file start30.cif (mmCIF, C-alpha atoms)
data_protein
#
loop_
_atom_site.label_atom_id
_atom_site.label_comp_id
_atom_site.auth_asym_id
_atom_site.auth_seq_id
_atom_site.Cartn_x
_atom_site.Cartn_y
_atom_site.Cartn_z
CA MET A 951 7.38 3.03 3.93
CA SER A 952 9.87 5.77 3.07
CA ILE A 953 8.70 8.75 1.05
CA THR A 954 10.97 9.52 -1.91
CA ILE A 955 10.95 11.72 -4.96
CA LYS A 956 10.70 8.59 -7.14
CA LYS A 957 7.50 7.55 -5.34
CA VAL A 958 6.07 11.05 -5.79
CA GLN A 959 6.81 10.90 -9.51
CA GLU A 960 5.11 7.49 -9.68
CA ALA A 961 2.14 8.90 -7.75
CA ALA A 962 1.76 11.67 -10.32
CA LYS A 963 1.33 9.02 -13.02
CA ILE A 964 -1.10 6.99 -10.90
CA ILE A 965 -3.45 9.91 -10.22
CA ARG A 966 -3.11 11.87 -13.47
CA ASP A 967 -6.52 10.73 -14.80
CA THR A 968 -8.24 11.58 -11.50
CA VAL A 969 -6.83 14.96 -10.50
CA ILE A 970 -6.45 18.26 -12.29
CA ARG A 971 -3.03 19.78 -12.88
CA THR A 972 -3.83 23.09 -11.23
CA PRO A 973 -2.40 26.37 -12.58
CA LEU A 974 0.44 28.37 -11.08
CA VAL A 975 -0.60 31.93 -11.83
CA HIS A 976 1.25 35.22 -11.49
CA SER A 977 -0.38 38.01 -9.48
CA PRO A 978 0.72 41.48 -10.63
CA THR A 979 -1.19 43.05 -7.73
CA PHE A 980 0.36 40.96 -4.96
CA SER A 981 3.76 41.22 -6.64
CA ARG A 982 3.51 45.02 -6.56
CA ILE A 983 2.28 45.11 -2.95
CA PHE A 984 4.99 42.84 -1.56
CA GLY A 985 7.84 43.73 -3.92
CA ALA A 986 8.38 40.20 -5.19
CA ASP A 987 7.28 37.83 -7.96
CA ILE A 988 4.20 36.29 -6.33
CA ARG A 989 2.61 33.18 -7.84
CA LEU A 990 -0.50 31.34 -6.65
CA LYS A 991 -0.78 27.55 -6.86
CA LEU A 992 -4.56 27.25 -7.16
CA GLU A 993 -5.57 23.96 -5.57
CA ASN A 994 -8.97 25.55 -4.89
CA LEU A 995 -9.61 24.74 -8.57
CA GLN A 996 -8.90 21.05 -7.94
CA ARG A 997 -11.70 18.48 -8.16
CA THR A 998 -13.75 18.67 -4.94
CA GLY A 999 -12.25 22.15 -4.42
CA SER A 1000 -9.23 20.96 -2.43
CA PHE A 1001 -5.84 19.27 -2.70
CA LYS A 1002 -7.11 16.38 -0.57
CA ILE A 1003 -8.20 14.27 -3.53
CA ARG A 1004 -4.54 13.84 -4.54
CA GLY A 1005 -3.59 11.82 -1.47
CA ALA A 1006 -6.89 9.96 -1.38
CA ALA A 1007 -6.67 8.98 -5.05
CA HIS A 1008 -3.08 7.82 -4.66
CA LYS A 1009 -3.93 5.66 -1.65
CA ILE A 1010 -6.96 4.10 -3.27
CA PHE A 1011 -5.50 3.41 -6.73
CA LEU A 1012 -2.13 2.24 -5.38
CA ARG A 1013 -3.76 -0.20 -2.91
CA ARG A 1014 -6.74 -1.12 -5.04
CA GLN A 1015 -5.90 -4.82 -5.09
CA ASN A 1016 -5.89 -4.88 -1.29
CA ILE A 1017 -9.29 -3.24 -0.90
CA GLY A 1018 -12.09 -5.72 -0.25
CA PRO A 1019 -15.76 -5.57 -1.26
CA GLU A 1020 -16.53 -3.40 1.81
CA GLY A 1021 -14.46 -0.60 0.27
CA VAL A 1022 -12.85 2.19 2.28
CA VAL A 1023 -13.73 4.22 5.35
CA ALA A 1024 -12.55 7.69 6.37
CA ALA A 1025 -13.40 10.38 8.89
CA SER A 1026 -13.52 14.07 8.12
CA ALA A 1027 -15.61 17.22 8.53
CA GLY A 1028 -15.04 18.34 4.97
CA ASN A 1029 -12.29 18.20 2.34
CA HIS A 1030 -10.82 14.77 3.10
CA ALA A 1031 -14.34 13.33 3.12
CA GLN A 1032 -15.06 14.67 -0.35
CA GLY A 1033 -11.67 13.63 -1.71
CA VAL A 1034 -12.04 10.04 -0.51
CA ALA A 1035 -15.63 9.80 -1.75
CA LEU A 1036 -14.78 10.99 -5.26
CA ALA A 1037 -11.57 8.97 -5.57
CA ALA A 1038 -13.41 5.84 -4.45
CA ARG A 1039 -16.17 6.47 -6.96
CA ASP A 1040 -13.58 6.86 -9.75
CA ALA A 1041 -12.02 3.56 -8.62
CA GLY A 1042 -15.42 1.83 -8.57
CA ILE A 1043 -15.36 0.96 -4.88
CA PRO A 1044 -17.72 1.90 -2.02
CA ALA A 1045 -16.73 4.59 0.49
CA THR A 1046 -18.12 5.17 3.97
CA ILE A 1047 -17.43 8.58 5.46
CA ILE A 1048 -17.83 9.30 9.17
CA MET A 1049 -18.53 12.96 9.79
CA PRO A 1050 -19.00 14.71 13.17
CA GLU A 1051 -22.57 15.59 13.98
CA TRP A 1052 -21.89 19.30 13.55
CA ALA A 1053 -20.48 18.95 10.01
CA SER A 1054 -22.07 21.49 7.70
CA ILE A 1055 -25.03 20.34 5.65
CA SER A 1056 -23.40 21.56 2.44
CA LYS A 1057 -20.33 19.37 3.04
CA GLN A 1058 -22.48 16.40 3.95
CA GLU A 1059 -24.42 16.86 0.71
CA ALA A 1060 -21.25 17.28 -1.35
CA THR A 1061 -19.73 14.11 0.13
CA GLY A 1062 -22.92 12.18 -0.59
CA GLY A 1063 -23.04 13.67 -4.08
CA TYR A 1064 -19.57 12.27 -4.77
CA GLY A 1065 -20.83 8.80 -3.90
CA GLY A 1066 -19.84 8.51 -0.25
CA LYS A 1067 -22.14 6.94 2.34
CA VAL A 1068 -22.24 9.57 5.09
CA ILE A 1069 -22.62 8.53 8.74
CA LEU A 1070 -22.83 11.25 11.38
CA HIS A 1071 -21.08 10.27 14.59
CA GLY A 1072 -19.35 12.10 17.42
CA GLY A 1073 -18.92 15.61 18.68
CA SER A 1074 -15.41 15.97 17.27
CA VAL A 1075 -13.33 14.74 14.34
CA GLY A 1076 -11.38 12.65 16.87
CA GLU A 1077 -14.52 10.76 17.83
CA SER A 1078 -15.36 10.31 14.15
CA LEU A 1079 -11.87 8.89 13.57
CA GLU A 1080 -12.37 6.38 16.38
CA LYS A 1081 -15.61 5.24 14.77
CA ALA A 1082 -13.92 4.93 11.38
CA ARG A 1083 -11.16 2.78 12.88
CA GLU A 1084 -13.80 0.54 14.46
CA MET A 1085 -15.47 0.09 11.08
CA ALA A 1086 -12.11 -0.72 9.50
CA GLU A 1087 -12.00 -3.85 11.67
CA THR A 1088 -15.00 -5.19 9.72
CA GLY A 1089 -13.11 -5.31 6.43
CA LYS A 1090 -12.98 -1.71 5.22
CA MET A 1091 -9.65 -0.06 4.46
CA PHE A 1092 -9.10 2.96 6.70
CA ILE A 1093 -7.77 6.11 5.02
CA HIS A 1094 -6.18 8.55 7.44
CA PRO A 1095 -6.43 12.24 6.46
CA PHE A 1096 -2.68 12.99 6.83
CA ASP A 1097 -0.58 10.50 8.86
CA ASP A 1098 -0.12 7.98 6.06
CA SER A 1099 2.83 7.63 3.69
CA ASP A 1100 0.60 7.05 0.65
CA ILE A 1101 -1.39 10.20 1.45
CA ILE A 1102 1.77 12.26 1.99
CA THR A 1103 3.23 10.99 -1.28
CA GLY A 1104 0.07 11.95 -3.15
CA GLN A 1105 0.13 15.47 -1.71
CA GLY A 1106 3.77 15.72 -2.77
CA THR A 1107 2.64 15.83 -6.41
CA ILE A 1108 1.77 19.50 -5.82
CA GLY A 1109 5.43 20.20 -5.11
CA LEU A 1110 6.35 18.30 -8.26
CA GLU A 1111 4.04 20.48 -10.36
CA ILE A 1112 5.39 23.68 -8.78
CA MET A 1113 8.95 22.65 -9.57
CA GLU A 1114 8.05 21.69 -13.14
CA ASP A 1115 6.41 25.08 -13.68
CA MET A 1116 8.87 27.21 -11.68
CA ILE A 1117 12.11 25.43 -10.83
CA ASP A 1118 13.64 28.72 -9.63
CA ALA A 1119 11.01 29.27 -6.91
CA GLU A 1120 12.84 30.63 -3.86
CA MET A 1121 10.10 30.49 -1.23
CA ILE A 1122 6.92 28.43 -0.95
CA LEU A 1123 4.29 29.14 1.71
CA VAL A 1124 2.15 26.12 2.62
CA PRO A 1125 -0.86 25.79 4.99
CA VAL A 1126 -0.26 23.47 7.95
CA GLY A 1127 -2.82 21.42 9.89
CA GLY A 1128 -2.00 17.79 10.54
CA GLY A 1129 0.96 18.12 8.20
CA GLY A 1130 0.05 15.91 5.24
CA LEU A 1131 0.33 18.72 2.71
CA ILE A 1132 3.51 20.43 3.85
CA SER A 1133 5.39 17.20 4.55
CA GLY A 1134 4.80 15.93 1.00
CA VAL A 1135 5.44 19.28 -0.67
CA ALA A 1136 8.51 20.09 1.43
CA MET A 1137 10.18 16.72 0.79
CA THR A 1138 9.57 17.01 -2.94
CA VAL A 1139 10.68 20.61 -3.35
CA LYS A 1140 13.76 20.29 -1.13
CA THR A 1141 14.88 17.21 -3.07
CA LEU A 1142 14.62 19.05 -6.40
CA ARG A 1143 15.71 22.49 -5.16
CA PRO A 1144 17.47 22.28 -1.78
CA ASP A 1145 17.93 26.04 -1.39
CA ALA A 1146 14.20 26.83 -1.71
CA ARG A 1147 12.66 27.95 1.58
CA ILE A 1148 9.54 26.06 2.70
CA ILE A 1149 7.48 27.99 5.23
CA GLY A 1150 4.45 26.48 6.90
CA VAL A 1151 1.57 28.73 7.94
CA GLN A 1152 -0.80 27.78 10.73
CA ALA A 1153 -3.76 29.51 12.36
CA ALA A 1154 -2.84 30.95 15.78
CA ALA A 1155 -6.15 29.54 17.06
CA CYS A 1156 -4.68 26.02 16.80
CA PRO A 1157 -0.85 26.19 16.76
CA SER A 1158 -0.13 22.48 17.14
CA ALA A 1159 2.68 22.15 14.56
CA TYR A 1160 4.23 25.46 15.63
CA GLU A 1161 4.27 24.47 19.30
CA SER A 1162 5.45 20.95 18.53
CA LEU A 1163 8.45 22.31 16.65
CA ARG A 1164 9.17 24.70 19.49
CA GLU A 1165 9.03 21.88 22.04
CA GLU A 1166 10.85 19.49 19.68
CA LYS A 1167 8.18 16.85 20.18
CA ARG A 1168 4.58 16.30 19.12
CA ILE A 1169 2.20 17.96 21.52
CA VAL A 1170 -1.57 18.31 21.69
CA CYS A 1171 -2.93 21.86 21.50
CA GLU A 1172 -6.38 22.94 22.52
CA SER A 1173 -7.95 24.81 19.63
CA ARG A 1174 -10.18 27.85 19.49
CA THR A 1175 -12.80 28.37 16.80
CA SER A 1176 -11.16 29.46 13.56
CA ILE A 1177 -12.31 30.38 10.08
CA ALA A 1178 -9.37 28.20 8.98
CA ASP A 1179 -11.19 25.12 10.25
CA GLY A 1180 -9.52 22.89 7.66
CA ILE A 1181 -6.18 23.22 9.48
CA SER A 1182 -7.50 23.25 13.06
CA VAL A 1183 -5.79 19.97 13.94
CA LYS A 1184 -4.81 19.50 17.59
CA GLN A 1185 -1.70 17.41 16.94
CA PRO A 1186 0.47 16.90 13.85
CA GLY A 1187 0.81 13.37 12.53
CA GLU A 1188 3.79 11.26 13.59
CA GLN A 1189 5.23 10.81 10.09
CA ASN A 1190 4.28 14.36 9.19
CA PHE A 1191 6.08 15.88 12.15
CA GLU A 1192 9.34 14.13 11.33
CA LEU A 1193 9.16 15.28 7.71
CA ILE A 1194 8.35 18.85 8.73
CA ARG A 1195 11.34 18.87 11.10
CA LYS A 1196 13.58 17.56 8.34
CA TYR A 1197 12.43 19.58 5.34
CA ALA A 1198 10.49 22.71 6.39
CA ASP A 1199 12.46 25.85 7.28
CA GLU A 1200 9.92 27.24 9.74
CA VAL A 1201 6.25 27.45 10.70
CA VAL A 1202 4.59 30.81 11.42
CA LEU A 1203 1.22 31.77 12.90
CA VAL A 1204 -1.48 34.08 11.59
CA ASP A 1205 -4.52 35.51 13.38
CA GLU A 1206 -8.18 35.45 12.37
CA GLU A 1207 -8.33 39.05 11.19
CA HIS A 1208 -5.50 38.60 8.72
CA ILE A 1209 -6.99 35.33 7.45
CA ALA A 1210 -10.29 37.09 6.79
CA ALA A 1211 -8.48 39.98 5.10
CA ALA A 1212 -6.60 37.49 2.90
CA ILE A 1213 -9.83 35.77 1.82
CA LEU A 1214 -11.31 39.15 0.89
CA MET A 1215 -8.18 40.25 -0.98
CA LEU A 1216 -8.03 37.02 -3.00
CA LEU A 1217 -11.69 37.41 -3.87
CA GLU A 1218 -11.46 41.09 -4.84
CA ARG A 1219 -8.03 41.27 -6.44
CA LYS A 1220 -7.69 37.81 -8.00
CA LYS A 1221 -11.34 36.74 -8.28
CA THR A 1222 -10.30 33.60 -6.41
CA LEU A 1223 -12.40 32.04 -3.65
CA ALA A 1224 -10.20 30.49 -0.95
CA GLU A 1225 -11.34 28.92 2.28
CA GLY A 1226 -9.68 30.05 5.51
CA ALA A 1227 -7.06 27.30 5.41
CA GLY A 1228 -6.28 28.10 1.78
CA ALA A 1229 -5.80 31.80 2.44
CA VAL A 1230 -3.26 31.54 5.29
CA PRO A 1231 -0.17 31.86 3.01
CA LEU A 1232 -1.36 35.31 1.88
CA ALA A 1233 -2.33 36.13 5.48
CA ALA A 1234 1.28 35.49 6.47
CA LEU A 1235 2.43 38.18 4.04
CA LEU A 1236 -0.30 40.61 5.06
CA SER A 1237 0.47 40.25 8.77
CA GLY A 1238 4.23 40.51 8.34
CA ALA A 1239 4.75 37.03 9.80
CA VAL A 1240 6.75 36.32 6.64
CA LYS A 1241 8.96 38.94 4.98
CA VAL A 1242 9.80 38.21 1.35
CA PRO A 1243 13.16 39.36 -0.04
CA ALA A 1244 12.86 42.02 -2.73
CA ASP A 1245 12.36 40.63 -6.24
CA SER A 1246 12.34 37.03 -4.96
CA LYS A 1247 10.18 34.33 -6.53
CA VAL A 1248 7.44 33.29 -4.10
CA VAL A 1249 4.66 30.69 -4.35
CA LEU A 1250 1.53 30.83 -2.20
CA LEU A 1251 -0.17 27.43 -2.07
CA ILE A 1252 -3.92 28.12 -2.04
CA SER A 1253 -4.94 24.70 -0.75
CA GLY A 1254 -8.73 24.81 -1.09
CA GLY A 1255 -11.84 26.85 -1.74
CA ASN A 1256 -14.63 25.07 0.12
CA VAL A 1257 -16.36 27.62 2.33
CA ASP A 1258 -20.01 27.61 3.39
CA SER A 1259 -22.01 30.49 1.93
CA PRO A 1260 -23.26 31.88 5.30
CA LEU A 1261 -19.73 31.81 6.69
CA LEU A 1262 -18.39 33.51 3.57
CA GLY A 1263 -20.65 36.50 4.22
CA ARG A 1264 -19.31 36.84 7.75
CA ILE A 1265 -15.73 36.43 6.58
CA ILE A 1266 -16.11 39.13 3.94
CA ARG A 1267 -17.57 41.49 6.53
CA LYS A 1268 -14.72 40.78 8.95
CA GLY A 1269 -12.22 41.39 6.16
CA LEU A 1270 -13.87 44.70 5.27
CA LEU A 1271 -13.66 45.82 8.89
CA LYS A 1272 -10.01 44.77 9.14
CA ASN A 1273 -9.14 46.74 5.99
CA SER A 1274 -11.02 49.86 7.20
CA ARG A 1275 -13.52 49.44 4.39
CA ILE A 1276 -16.43 49.73 6.79
CA MET A 1277 -16.79 52.29 9.58
CA ARG A 1278 -19.49 52.96 12.15
CA ILE A 1279 -20.37 56.58 12.89
CA LYS A 1280 -22.22 57.31 16.13
CA VAL A 1281 -23.75 60.76 16.06
CA TYR A 1282 -25.97 62.77 18.42
CA LEU A 1283 -28.38 65.00 16.49
CA GLU A 1284 -30.90 67.61 17.46
CA ASP A 1285 -34.30 65.97 17.09
CA ILE A 1286 -35.72 68.38 14.50
CA PRO A 1287 -37.01 67.83 10.96
CA GLY A 1288 -34.25 67.52 8.39
CA SER A 1289 -31.36 66.81 10.77
CA LEU A 1290 -30.92 63.21 9.61
CA SER A 1291 -31.24 64.04 5.90
CA THR A 1292 -28.64 66.80 6.30
CA LEU A 1293 -26.22 64.36 7.92
CA LEU A 1294 -26.79 61.77 5.17
CA ALA A 1295 -26.28 64.40 2.46
CA ARG A 1296 -22.96 65.39 4.02
CA VAL A 1297 -21.82 61.76 4.15
CA ALA A 1298 -22.83 61.36 0.51
CA ARG A 1299 -20.76 64.41 -0.49
CA LEU A 1300 -17.79 62.71 1.16
CA ARG A 1301 -18.40 59.81 -1.27
CA ALA A 1302 -19.13 57.24 1.42
CA ASN A 1303 -21.89 54.68 0.95
CA VAL A 1304 -24.36 54.23 3.83
CA LEU A 1305 -25.10 50.53 4.38
CA HIS A 1306 -27.26 50.61 7.53
CA ILE A 1307 -28.93 53.21 9.75
CA PHE A 1308 -29.92 52.75 13.39
CA HIS A 1309 -32.01 55.53 14.99
CA ASP A 1310 -32.80 55.65 18.73
CA ARG A 1311 -34.46 58.33 20.91
CA ASN A 1312 -34.67 56.20 24.06
CA ILE A 1313 -31.21 56.25 25.60
CA LYS A 1314 -30.89 56.65 29.35
CA ASP A 1315 -29.89 60.18 30.46
CA MET A 1316 -29.96 61.49 26.89
CA PRO A 1317 -31.69 64.93 26.67
CA MET A 1318 -35.22 64.97 25.24
CA HIS A 1319 -34.23 67.17 22.29
CA ILE A 1320 -31.45 64.81 21.18
CA THR A 1321 -31.62 61.67 19.06
CA TYR A 1322 -28.93 59.04 18.58
CA VAL A 1323 -28.01 57.83 15.09
CA GLU A 1324 -25.55 55.10 14.18
CA LEU A 1325 -24.48 54.77 10.56
CA GLU A 1326 -22.59 51.88 9.02
CA VAL A 1327 -20.68 53.26 6.08
CA GLU A 1328 -18.64 51.71 3.29
CA THR A 1329 -15.35 53.57 2.78
CA ARG A 1330 -12.19 53.40 0.69
CA GLY A 1331 -9.86 52.81 3.63
CA ALA A 1332 -8.32 54.29 6.78
CA GLU A 1333 -7.53 57.70 5.24
CA HIS A 1334 -11.11 58.05 4.01
CA ILE A 1335 -12.40 57.21 7.50
CA ARG A 1336 -10.20 59.95 9.01
CA GLU A 1337 -11.46 62.39 6.38
CA ILE A 1338 -15.12 61.61 7.19
CA ARG A 1339 -14.61 61.87 10.94
CA THR A 1340 -12.69 65.15 10.69
CA ASP A 1341 -15.25 66.69 8.34
CA LEU A 1342 -18.18 65.83 10.61
CA GLN A 1343 -16.43 67.15 13.71
CA ASN A 1344 -15.47 70.36 11.91
CA ALA A 1345 -19.11 70.74 10.86
CA GLY A 1346 -20.14 70.70 14.54
CA TYR A 1347 -21.49 67.18 14.78
CA HIS A 1348 -21.13 65.51 18.17
CA LEU A 1349 -19.81 61.99 17.58
CA GLY A 1350 -20.33 58.98 19.86
CA GLU A 1351 -17.26 59.60 22.00
CA ASP A 1352 -18.33 63.22 22.64
CA SER A 1353 -20.71 64.38 25.35
CA PHE A 1354 -24.34 65.18 24.57
CA PRO A 1355 -24.67 68.61 22.86
#
call {"tool": "encode", "arguments": {"input": "start30.cif", "output": "structure tokens"}}
result
Amino acid sequence: MSITIKKVQEAAKIIRDTVIRTPLVHSPTFSRIFGADIRLKLENLQRTGSFKIRGAAHKIFLRRQNIGPEGVVAASAGNHAQGVALAARDAGIPATIIMPEWASISKQEATGGYGGKVILHGGSVGESLEKAREMAETGKMFIHPFDDSDIITGQGTIGLEIMEDMIDAEMILVPVGGGGLISGVAMTVKTLRPDARIIGVQAAACPSAYESLREEKRIVCESRTSIADGISVKQPGEQNFELIRKYADEVVLVDEEHIAAAILMLLERKKTLAEGAGAVPLAALLSGAVKVPADSKVVLLISGGNVDSPLLGRIIRKGLLKNSRIMRIKVYLEDIPGSLSTLLARVARLRANVLHIFHDRNIKDMPMHITYVELEVETRGAEHIREIRTDLQNAGYHLGEDSFP
């Protein structure tokens, strides 16, 4: 089935009672930082916290008459699972969701809470997909997470909304995993505004779409662990790849540190929680992978906000380290009363906040009269860190890279 702007417009009508029309909001802070008019398309505010429900709802409601009493089956570790479960519940049909055995408990619970029957199977999403396809042979309709024309068309409704709200958008940055999102958005936007630039952003830990475009054929990439797990897809879909080649201008890569920094910046500056996959468009600007022309109109598609609470804590910490908001000071002190309190008082006068203290007297070859102290300190940035380090050295403190006093 071909994917056309007319079908996307029809999809918008089909799913309008199931999905939220998410806001396109201006960010004065990001606009000032990058010298352009920066808008955020907040799909993290979508039902289930992700854009995935758009494609799932379109598939299910469009093909409702073809779905038997066994309902639908899908495989996913997170967002697609929740989207299919909720769309199926809204349509009044059963949904079976195959999730890999390592899928987070919170996402299993969310999927079950939306009405899906969760079955844990396999050590990878690929193995879960195989199981889902097996179950489809028993009468269930299989819903692929991205390589499906109905799914792509449903995701294209995001591009339709962006164009309705900002027809003069000059650049749109879109997360890329298997390609369902960017292929639908790119086709829609390019049809309505051919001169708009569509830039895909992928995690460097799993650069399957990037490498496939470079090789001019779909290839399988081995993936490393990434905080952008929602786009860690080893091979782009067949339909998706052809649409990306036709409509997207380029795909760029971003590293883990910049993704973490983007999550933190969205949280602090825009009070917006984005998952790793959702934050990669901002990461592309932060890293310099994408340069925006001065005063241009730019949309960052924040595709989702589902992040596990324990992981969020680690991501925030990584982002703070990347932005020089946390420093570690290793100091050798004379082991006499008051030496530690004097050090802490000096750090306080420098307006740095001590988060943790580690104190050790038992280091090999360290003189008996010396003690080792490591402070973890919250700072305002790189210049503040240099100020603290210089002040302590000028005061005669021997820091970790120095020899014992």
call {"tool": "resolve_selection", "arguments": {"input": "start30.cif", "expression": "the PyMOL selection byres ((chain A and resi 993-1004) around 8)", "output": "MDAnalysis selection string"}}
result
chainID A and resid 965 969:972 991:992 1005:1008 1029:1030 1032:1034 1036:1037 1101 1104:1105 1107 1223:1224 1228 1251:1256
call {"tool": "write_last_selection", "arguments": {"input": "start30.cif", "atoms": "C-alpha atoms", "output": "CSV table (one decimal), in the coordinates of the input"}}
result
chain,number,residue,atom,x,y,z
A,965,ILE,CA,-3.4,9.9,-10.2
A,969,VAL,CA,-6.8,15.0,-10.5
A,970,ILE,CA,-6.4,18.3,-12.3
A,971,ARG,CA,-3.0,19.8,-12.9
A,972,THR,CA,-3.8,23.1,-11.2
A,991,LYS,CA,-0.8,27.6,-6.9
A,992,LEU,CA,-4.6,27.2,-7.2
A,1005,GLY,CA,-3.6,11.8,-1.5
A,1006,ALA,CA,-6.9,10.0,-1.4
A,1007,ALA,CA,-6.7,9.0,-5.0
A,1008,HIS,CA,-3.1,7.8,-4.7
A,1029,ASN,CA,-12.3,18.2,2.3
A,1030,HIS,CA,-10.8,14.8,3.1
A,1032,GLN,CA,-15.1,14.7,-0.4
A,1033,GLY,CA,-11.7,13.6,-1.7
A,1034,VAL,CA,-12.0,10.0,-0.5
A,1036,LEU,CA,-14.8,11.0,-5.3
A,1037,ALA,CA,-11.6,9.0,-5.6
A,1101,ILE,CA,-1.4,10.2,1.4
A,1104,GLY,CA,0.1,12.0,-3.2
A,1105,GLN,CA,0.1,15.5,-1.7
A,1107,THR,CA,2.6,15.8,-6.4
A,1223,LEU,CA,-12.4,32.0,-3.6
A,1224,ALA,CA,-10.2,30.5,-1.0
A,1228,GLY,CA,-6.3,28.1,1.8
A,1251,LEU,CA,-0.2,27.4,-2.1
A,1252,ILE,CA,-3.9,28.1,-2.0
A,1253,SER,CA,-4.9,24.7,-0.8
A,1254,GLY,CA,-8.7,24.8,-1.1
A,1255,GLY,CA,-11.8,26.8,-1.7
A,1256,ASN,CA,-14.6,25.1,0.1
call {"tool": "residues_near_point", "arguments": {"input": "start30.cif", "point": "(-14.6, 5.6, 4.9)", "cutoff": "7 Å", "atoms": "all atoms listed in the file", "output": "VMD selection string"}}
result
chain A and resid 1022 to 1025 1045 to 1048 1082 1092 to 1093
call {"tool": "residues_around", "arguments": {"input": "start30.cif", "residues": "A:Glu1192", "least_positions_apart": "6", "cutoff": "10 Å", "atoms": "only C-alpha atoms", "output": "number ranges by chain"}}
result
A: 1129, 1133, 1163, 1167-1168, 1186, 1198
call {"tool": "resolve_selection", "arguments": {"input": "start30.cif", "expression": "the PyMOL selection byres ((chain A and resi 1081) around 12)", "output": "VMD selection string"}}
result
chain A and resid 1023 to 1026 1046 to 1050 1069 to 1080 1082 to 1088 1092
call {"tool": "atom_distance", "arguments": {"input": "start30.cif", "atom1": "atom CA of A:Glu1284", "atom2": "atom CA of A:Arg1339"}}
result
18.5 Å
call {"tool": "closest_residue", "arguments": {"input": "start30.cif", "among": "A:Arg1014, A:Val1183, A:Ala1119, A:Thr1103", "to": "A:Asp1145", "atoms": "all atoms listed in the file"}}
result
A:Ala1119
call {"tool": "residues_around", "arguments": {"input": "start30.cif", "residues": "A:Ile1279", "least_positions_apart": "2", "cutoff": "7 Å", "atoms": "only C-alpha atoms", "output": "PyMOL selection string"}}
result
chain A and resi 1277+1281+1324-1326
call {"tool": "closest_residue", "arguments": {"input": "start30.cif", "among": "A:Thr1061, A:Thr979, A:Gln1189, A:Thr1175", "to": "A:Asp1205", "atoms": "only C-alpha atoms"}}
result
A:Thr1175
call {"tool": "resolve_selection", "arguments": {"input": "start30.cif", "expression": "the PyMOL selection byres ((chain A and resi 1158) around 12)", "output": "PyMOL selection string"}}
result
chain A and resi 1126-1129+1150-1157+1159-1174+1181-1187+1191+1201-1203
call {"tool": "closest_residue", "arguments": {"input": "start30.cif", "among": "A:Glu1328, A:Glu1188, A:Asp1315, A:Asp1245", "to": "A:Arg1278", "atoms": "only C-alpha atoms"}}
result
A:Glu1328
call {"tool": "atom_distance", "arguments": {"input": "start30.cif", "atom1": "atom CA of A:Val1240", "atom2": "atom CA of A:Ala1211"}}
result
15.7 Å
call {"tool": "residues_around", "arguments": {"input": "start30.cif", "residues": "A:Ile1149", "least_positions_apart": "6", "cutoff": "6 Å", "atoms": "only C-alpha atoms", "output": "ChimeraX atom specification"}}
result
/A:1123,1199-1201
call {"tool": "closest_residue", "arguments": {"input": "start30.cif", "among": "A:Gly1021, A:Gly1066, A:Gly1269, A:Pro973", "to": "A:Glu1206", "atoms": "all atoms listed in the file"}}
result
A:Gly1269
call {"tool": "closest_residue", "arguments": {"input": "start30.cif", "among": "A:Ile988, A:Leu1305, A:Ala1053, A:Leu1131", "to": "A:Ala1227", "atoms": "only C-alpha atoms"}}
result
A:Leu1131
call {"tool": "atom_distance", "arguments": {"input": "start30.cif", "atom1": "atom CA of A:Tyr1282", "atom2": "atom CA of A:His1348"}}
result
5.6 Å
call {"tool": "residues_around", "arguments": {"input": "start30.cif", "residues": "A:Ala1302", "least_positions_apart": "5", "cutoff": "8 Å", "atoms": "all atoms listed in the file", "output": "list of chain:residue names"}}
result
A:Val1297, A:Val1327, A:Glu1328, A:Thr1329, A:Arg1330
call {"tool": "write_last_selection", "arguments": {"input": "start30.cif", "atoms": "C-alpha atoms", "output": "PDB file, in the coordinates of the input"}}
result
ATOM      1  CA  VAL A1297     -21.820  61.760   4.150  1.00  0.00           C
ATOM      2  CA  VAL A1327     -20.680  53.260   6.080  1.00  0.00           C
ATOM      3  CA  GLU A1328     -18.640  51.710   3.290  1.00  0.00           C
ATOM      4  CA  THR A1329     -15.350  53.570   2.780  1.00  0.00           C
ATOM      5  CA  ARG A1330     -12.190  53.400   0.690  1.00  0.00           C
TER       6      ARG A1330
END
call {"tool": "closest_residue", "arguments": {"input": "start30.cif", "among": "A:Leu974, A:Leu1283, A:Ala961, A:Ala1298", "to": "A:Arg1311", "atoms": "only C-alpha atoms"}}
result
A:Leu1283
call {"tool": "residues_around", "arguments": {"input": "start30.cif", "residues": "A:Asp987", "least_positions_apart": "3", "cutoff": "9 Å", "atoms": "all atoms listed in the file", "output": "mmCIF file with C-alpha atoms, keeping the file's coordinate frame"}}
result
data_model
loop_
_atom_site.group_PDB
_atom_site.id
_atom_site.type_symbol
_atom_site.label_atom_id
_atom_site.label_comp_id
_atom_site.auth_asym_id
_atom_site.auth_seq_id
_atom_site.Cartn_x
_atom_site.Cartn_y
_atom_site.Cartn_z
ATOM 1 C CA HIS A 976 1.250 35.220 -11.490
ATOM 2 C CA SER A 977 -0.380 38.010 -9.480
ATOM 3 C CA PRO A 978 0.720 41.480 -10.630
ATOM 4 C CA PHE A 980 0.360 40.960 -4.960
ATOM 5 C CA SER A 981 3.760 41.220 -6.640
ATOM 6 C CA ARG A 982 3.510 45.020 -6.560
ATOM 7 C CA PHE A 984 4.990 42.840 -1.560
ATOM 8 C CA ALA A 1244 12.860 42.020 -2.730
ATOM 9 C CA ASP A 1245 12.360 40.630 -6.240
ATOM 10 C CA SER A 1246 12.340 37.030 -4.960
ATOM 11 C CA LYS A 1247 10.180 34.330 -6.530
ATOM 12 C CA VAL A 1248 7.440 33.290 -4.100
ATOM 13 C CA VAL A 1249 4.660 30.690 -4.350
#
